[in-house]
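A.B. asks: Sharing a structure below in structure tokens format, with a few things to ask.
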Amino acid sequence: MIRKLCVTLPGLLASGTAAADWTLNMTRGVTELSAETYDLHMMVFWWCVAIAIVTFGAMIWSLVAHRKSRGVEPAKFSHSMKAEVIWTAIPIVILLLMAIPAAETLVKIEDGRDPDMTLVVTGYQWKWHYRYQDEGIDFYSNLDRTSDRARRLNSGVDPASVENYLLDVDNRVVVPKGKKVRVLITSNDVLHAWWVPDLAIKKDAIPGFVNETWFQAEEAGVYFGRCAELCGKDHGFMPVVVEVVEPEDYDTWVAARQAEQNPNEALAAN
Amino acid sequence: MSTVATDAGAHEHHDDHGPAKGIKRWLFTTNHKDIGTMYLVFSLVMFFVGGSMALVIRSELFQPGLQFVHPEFFNQMTTMHALIMIFGAVMPAFVGLANWMIPLMIGAPDMALPRMNNWSFWILPVAFGMLLSTLFMEGGAPAGGWTMYPPLVLQTGDAFPFLIFSVHLMGLSSIMGAINVIVTIINMRTEEMTLLKMPMFVWTWLITAYLLIAVMPVLAGAVTMLLTDQFFGTSFFRAAGGGDPVMFQHIFWFFGHPEVYILILPAFGIISETIPTFSRKPLFGHDSMVYAASSIAFLSFIVWAHHMFTVGMPLTGQLFFMFATMLIAVPTGVKVFNWAATMWRGALTFETPMLFSLAFLFLFTIGGFSGLMLAIVPADIQYHDSYFVVAHFHYVLVPGAIFGIMAAVYYWLPKWTGVMYNEKLGQWHFWLSTIFVNITFFPMHFLGLAGMPRRIPDYATQFTDFNTVASVGAMGYGVSQLLFAYIIWQCAKGKGEPATAKVWEDPKGLEWTVPSPAPYHTFEEPPHVSKHDSFD
């Protein structure tokens with residue numbers, strides 16, 4: 001347990017989602033694309049700040065300097081072709097500066113070729129089912145039981161006393177570090193969405209359709225996520241937990257899982 | 001028969017016959033001012049109904065754990081809050097303003113289709129009565145979100161057909177209102193008012209009305225398909241029968257995105273009236289404002305899938321919708337810059353309508369910034385369905401659309417009632433609303449970025465602090481609105497300084513040429529647009 005916690009804790013701190021209150025910003029995450037996404041987010045944010053300084057600055061200047069109480073005479077002008085052209089053209093240039101890097105990242109996000117492994121995720125009201133396509137492992141993942149008890153109306157349990165309240169699950173998804181994991185997402189009933197902020201993945205789970213996305217986590221740790229598409233009464237209570245481990249640990253985990261799931265086959269293989 | 005004779009006898013004294021007495025005045029009225037008043041009062045009532053639902057939501061989210069309501073009921077509250085605020089509060093308020101002001105601004109005696117006008121109003125109380133009655137039904141009110149995404153919405157209990165039918169009725173009312181606005185504007189302008197001389201409020205409403213006519217039938221079609229999927233064995237959206245749940249989202253947002261502009265364009269029009277008045281300077285770039293609003297309306301039809309970047313679209317589709325969405329920033333920017341240029345070197349005063357317009361200008365722009373961020377697809381994958389989106393659309397709808405409506409109410413209330421509102425209370429209302437609206441919605445940006453999804457009744461403990469702040473803000477904002485109702489009530493009772501015809505210092509427009517309060521019948525003869533009232 002303590003060993004597990006030691007593995008978990010740095011992950012928590014890195015994720016920024018569980019460790020600190022008053023979190024202000026998006027996580028940088030633990031994949032190349034999550035970092036790129038974060039950089040895009042910050043780039044657009046700073047552009048907005050710059051535009052706001054200029055625009056709000058001009059407006060505030062008017063509010064201060066052009067008050068009637070200062071005895072100013074209103075000017076008479078009501079149009080200027082030059083001004084209109086300038087403030088149409090400059091935004092177009094700024095938009096291009098944002099659109100190009102955004103499109104580049106998007107192309108990378110959509111490039112799911114040559115995965116190392118495939119994870120099939122199925123949304124249920126209100127839990128997730130995971131199947132490791134080539135490893136023959138599959139299991140359901142529910143909200144962990146302490147949280148589930150505490151979250152009932154007037155349960156009398158203080159959420160603050162529950163470790164990882166509404167974050168943790170009974171069965172975590174375990175994946176190897178540094179491997180390209182293809183995620184196939186579908187649903188068994190209504191729409192869900194599988195969201196792990198640190199992996200910069202959010203994809204809708206749609207009944208009858210299979211969506212595809214991928215990630216390659218570069219840091220070991222435990223990454224909390226959640227269902228992001230309204231799916232009924234317990235929408236808020238179906239978290240996602242992805243545990244990224246060293247490839248050796250992953251192999252051990254797979255072997256243990258396989259043995260647990262198909263004891264006979266495991267014996268035969270031995 | 002006798003009434004006919006009396007009417008014929010009173011031919012020369014049109015302005016003499018005032019409203020009927022009692023309830024019949026309101027039930028049978030075809031007068032644009034009466035109907036406008038009813039729309040506005042209805043909208044105010046719905047604002048409080050939808051607002052109290054928001055307070056249920058914010059109370060539950062005040063701290064982690066469930067304290068007050070079950071998750072099922074929480075979802076009913078989020079769904080109903082949205083439907084009521086969009087279709088019951090904001091849209092009827094705009095139609096009410098259109099009814100009151102468009103005939104006064106274009107020099108028309110009334111709306112072009114007065115009986116239809118009556119009907120389009122009276123459909124609304126029926127529609128919302130029905131929608132609200134679902135709260136007491138087996139299975140409760142609709143809880144699948146106002147977007148009504150299948151398959152979840154098909155799990156609605158007895159409320160389902162009532163939801164669909166009330167949406168049909170709201171659509172019907174909106175379409176009739178829109179037809180009326182278009183016909184009035186196109187046919188009933190006083191002779192000298194050419195299209196490009198029309199005030200901006202009239203212009204933005206004309207564009208809005210076309211948007212309404214284009215998209216409300218699409219919504220009606222989408223919900224009808226839900227209805228047949230549920231009851232008549234069709235499989236439009238049922239994957240098991242060969243349908244596609246995502247197709248609903250495409251159809252819905254083909255309605256939904258223009259709807260976003262239906263909710264904001266009239267507010268653009270309003271502040272294009274107020275800012276020049278209180279800057280004592282003509283609106284900067286009137287014509288380019290018209291072109292900008294028209295471009296926004298056009299673009300609104302080709303950006304719908306930016307609400308759906310996580311459904312699994314082809315790369316080219318995502319790129320197209322990203323670029324088209326970013327493009328909307330250009331005409332929107334033009335509008336903001338033109339408002340700023342209108343104030344530039346004006347002579348500004350800060351009466352309540354101007355204060356609300358200024359808050360609109362700053363805070364709507366913040367909502368525009370987050371909208372631009374949301375257009376960036378990779379970042380949107382993180383923002384989508386998080387509180388960042390909740391913050392974004394509340395910034396454009398509350399200090400955007402609703403502050404626009406409040407600016408309009410304070411601006412024209414003296415014209416409607418004949419008395420000035422209490423300026424001191426108005427300013428109190430403004431400052432309380434503006435402070436609390438930011439305390440409520442600004443922290444939601446942080447919550448979304450930290451990973452809190454929307455539409456959840458309970459959250460992990462790291463989201464506690466900002467949720468508590470937001471809930472406190474929401475309570476403050478809600479309570480402040482009682483002041484708004486009180487101020488309006490005072491004016492309606494005629495308490496206050498008598499207002500002059502012009503009300504403000506030299507405002508432009510025909511509505512200021514009639515006395516305050518505006519007589520029951522105005523402009524029976526088409527007025528001349530004097531040099532003074534013109535918009536060149």
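Naming scheme: A, B, ... for chains in displayed order of the structure tokens; residues 1 onward per chain; ligands 1 onward as shown.
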If we count only C-alpha atoms, what is near A:Lys76 at a cut-off of 12 Å, once residues fewer than 2 positions away on the same chain are taken out, given as a PDB file with C-alpha atoms, in the first residue's frame?

C.D. replies:
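The resulting around-v8.pdb:
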ATOM      1  CA  GLU A  73     -17.186  68.881 -26.503  1.00  0.00           C
ATOM      2  CA  PRO A  74     -18.138  65.665 -28.333  1.00  0.00           C
ATOM      3  CA  SER A  78     -18.900  58.895 -37.432  1.00  0.00           C
ATOM      4  CA  HIS A  79     -16.840  56.770 -39.773  1.00  0.00           C
ATOM      5  CA  SER A  80     -13.394  56.172 -41.099  1.00  0.00           C
TER       6      SER A  80
ATOM      7  CA  PRO B 276     -24.164  56.908 -28.959  1.00  0.00           C
ATOM      8  CA  SER B 279     -21.471  59.449 -25.659  1.00  0.00           C
ATOM      9  CA  ARG B 280     -23.327  62.304 -27.396  1.00  0.00           C
ATOM     10  CA  LYS B 281     -21.797  61.186 -30.644  1.00  0.00           C
ATOM     11  CA  PRO B 282     -23.206  59.259 -33.617  1.00  0.00           C
ATOM     12  CA  LEU B 283     -22.609  55.511 -33.831  1.00  0.00           C
ATOM     13  CA  PHE B 284     -19.247  54.924 -35.450  1.00  0.00           C
ATOM     14  CA  ALA B 341     -14.648  54.344 -31.473  1.00  0.00           C
ATOM     15  CA  THR B 342     -18.145  55.678 -30.778  1.00  0.00           C
ATOM     16  CA  MET B 343     -17.112  56.526 -27.234  1.00  0.00           C
ATOM     17  CA  TRP B 344     -13.756  57.903 -28.357  1.00  0.00           C
ATOM     18  CA  ARG B 345     -13.744  61.694 -27.980  1.00  0.00           C
ATOM     19  CA  GLY B 346     -17.403  61.720 -27.044  1.00  0.00           C
ATOM     20  CA  ALA B 347     -18.823  63.426 -23.980  1.00  0.00           C
ATOM     21  CA  ASP B 536     -26.425  59.545 -41.208  1.00  0.00           C
TER      22      ASP B 536
END

A.B. asks: Residues of chain B near chain A: apply a cut-off of 7 Å, count only C-alpha atoms, and supply the list as an MDAnalysis selection string.

C.D. replies: chainID B and resid 64:67 70:72 75 144 151:152 239:240 280:285 310:312 315 319 326 330 334 340 343:349 369 373 376:379 381:382 385 446 449:451 453 455:463 465:466

A.B. asks: Using only C-alpha atoms, which residues sit within 10 Å of B:Ile84 once same-chain residues fewer than 6 positions away are excluded, as a list in words?

C.D. replies: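 Once the adjacent positions are removed, what remains is Ser43, Met46, Phe47, Phe48, Val49, Gly50, Gly51, Met53, Val90, Met91, Phe128, Leu131, Leu132 and Trp146 of chain B.
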
A.B. asks: Please produce an output containing C-alpha atoms for each residue in the selection, written as a PDB file, in the first residue's frame.

C.D. replies:
ATOM      1  CA  SER B  43     -39.752  37.264 -19.475  1.00  0.00           C
ATOM      2  CA  MET B  46     -39.311  33.411 -16.255  1.00  0.00           C
ATOM      3  CA  PHE B  47     -36.020  35.100 -15.342  1.00  0.00           C
ATOM      4  CA  PHE B  48     -36.883  34.580 -11.685  1.00  0.00           C
ATOM      5  CA  VAL B  49     -38.174  31.022 -12.228  1.00  0.00           C
ATOM      6  CA  GLY B  50     -35.044  30.028 -14.165  1.00  0.00           C
ATOM      7  CA  GLY B  51     -32.928  31.950 -11.685  1.00  0.00           C
ATOM      8  CA  MET B  53     -33.386  26.837 -10.476  1.00  0.00           C
ATOM      9  CA  VAL B  90     -33.970  36.031 -23.085  1.00  0.00           C
ATOM     10  CA  MET B  91     -35.902  35.420 -26.302  1.00  0.00           C
ATOM     11  CA  PHE B 128     -44.031  27.150 -20.338  1.00  0.00           C
ATOM     12  CA  LEU B 131     -42.935  22.568 -19.524  1.00  0.00           C
ATOM     13  CA  LEU B 132     -43.037  23.505 -15.840  1.00  0.00           C
ATOM     14  CA  TRP B 146     -31.375  21.361 -22.832  1.00  0.00           C
TER      15      TRP B 146
END

A.B. asks: Got a sec: who's within 6 Å of stretch 208-215 of chain B, counting only C-alpha atoms, leaving out chain neighbours fewer than 2 positions off, as a list of chain:residue names?

C.D. replies: B:Ile175, B:Ala178, B:Trp205, B:Leu206, B:Pro217, B:Val218, B:Phe255, B:Ile262

A.B. asks: By how many Å are atom CA of B:Ile487 and atom CA of B:Leu425 apart?

C.D. replies: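 Pair atom CA of B:Ile487 / atom CA of B:Leu425 returns 7.2 Å.
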
A.B. asks: Which residue is closest to B:Thr228? Choose from B:Pro199, B:Gly96, B:Gly129, B:Pro161 and count only C-alpha atoms.

C.D. replies: B:Pro161

A.B. asks: What is the atom CA of B:Gln318-atom CA of B:Asp380 distance in Å, reported with one decimal?

C.D. replies: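 So the answer is 11.1 Å.
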
A.B. asks: Per DSSP on the backbone, filter stretch 21-268 of chain B down to the residues in helix (DSSP H, G or I) and report them as a count of residues only.

C.D. replies: 187

A.B. asks: Mind giving me the straight-line distance from atom CA of B:Ser480 to atom CA of B:Ala54 in Å, one decimal?

C.D. replies: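 Computed distance, atom CA of B:Ser480 to atom CA of B:Ala54, equals 14.3 Å.
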
A.B. asks: Got a sec: who's within 12 Å of B:Val290, counting only C-alpha atoms, leaving out chain neighbours fewer than 5 positions off, as a list in words?

C.D. replies: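 The neighbour list is Leu195, Leu196, Lys197, Met198, Pro199, Met200, Phe201, Val202, Trp203, Thr204, Trp205, Leu206, Ile207, Leu265, Phe268, Gly269, Ser272, Leu283, Phe284, Gly285, Ser295, Ile296, Ala297, Pro331, Thr332, Val334, Lys335 and Asn338 of chain B.
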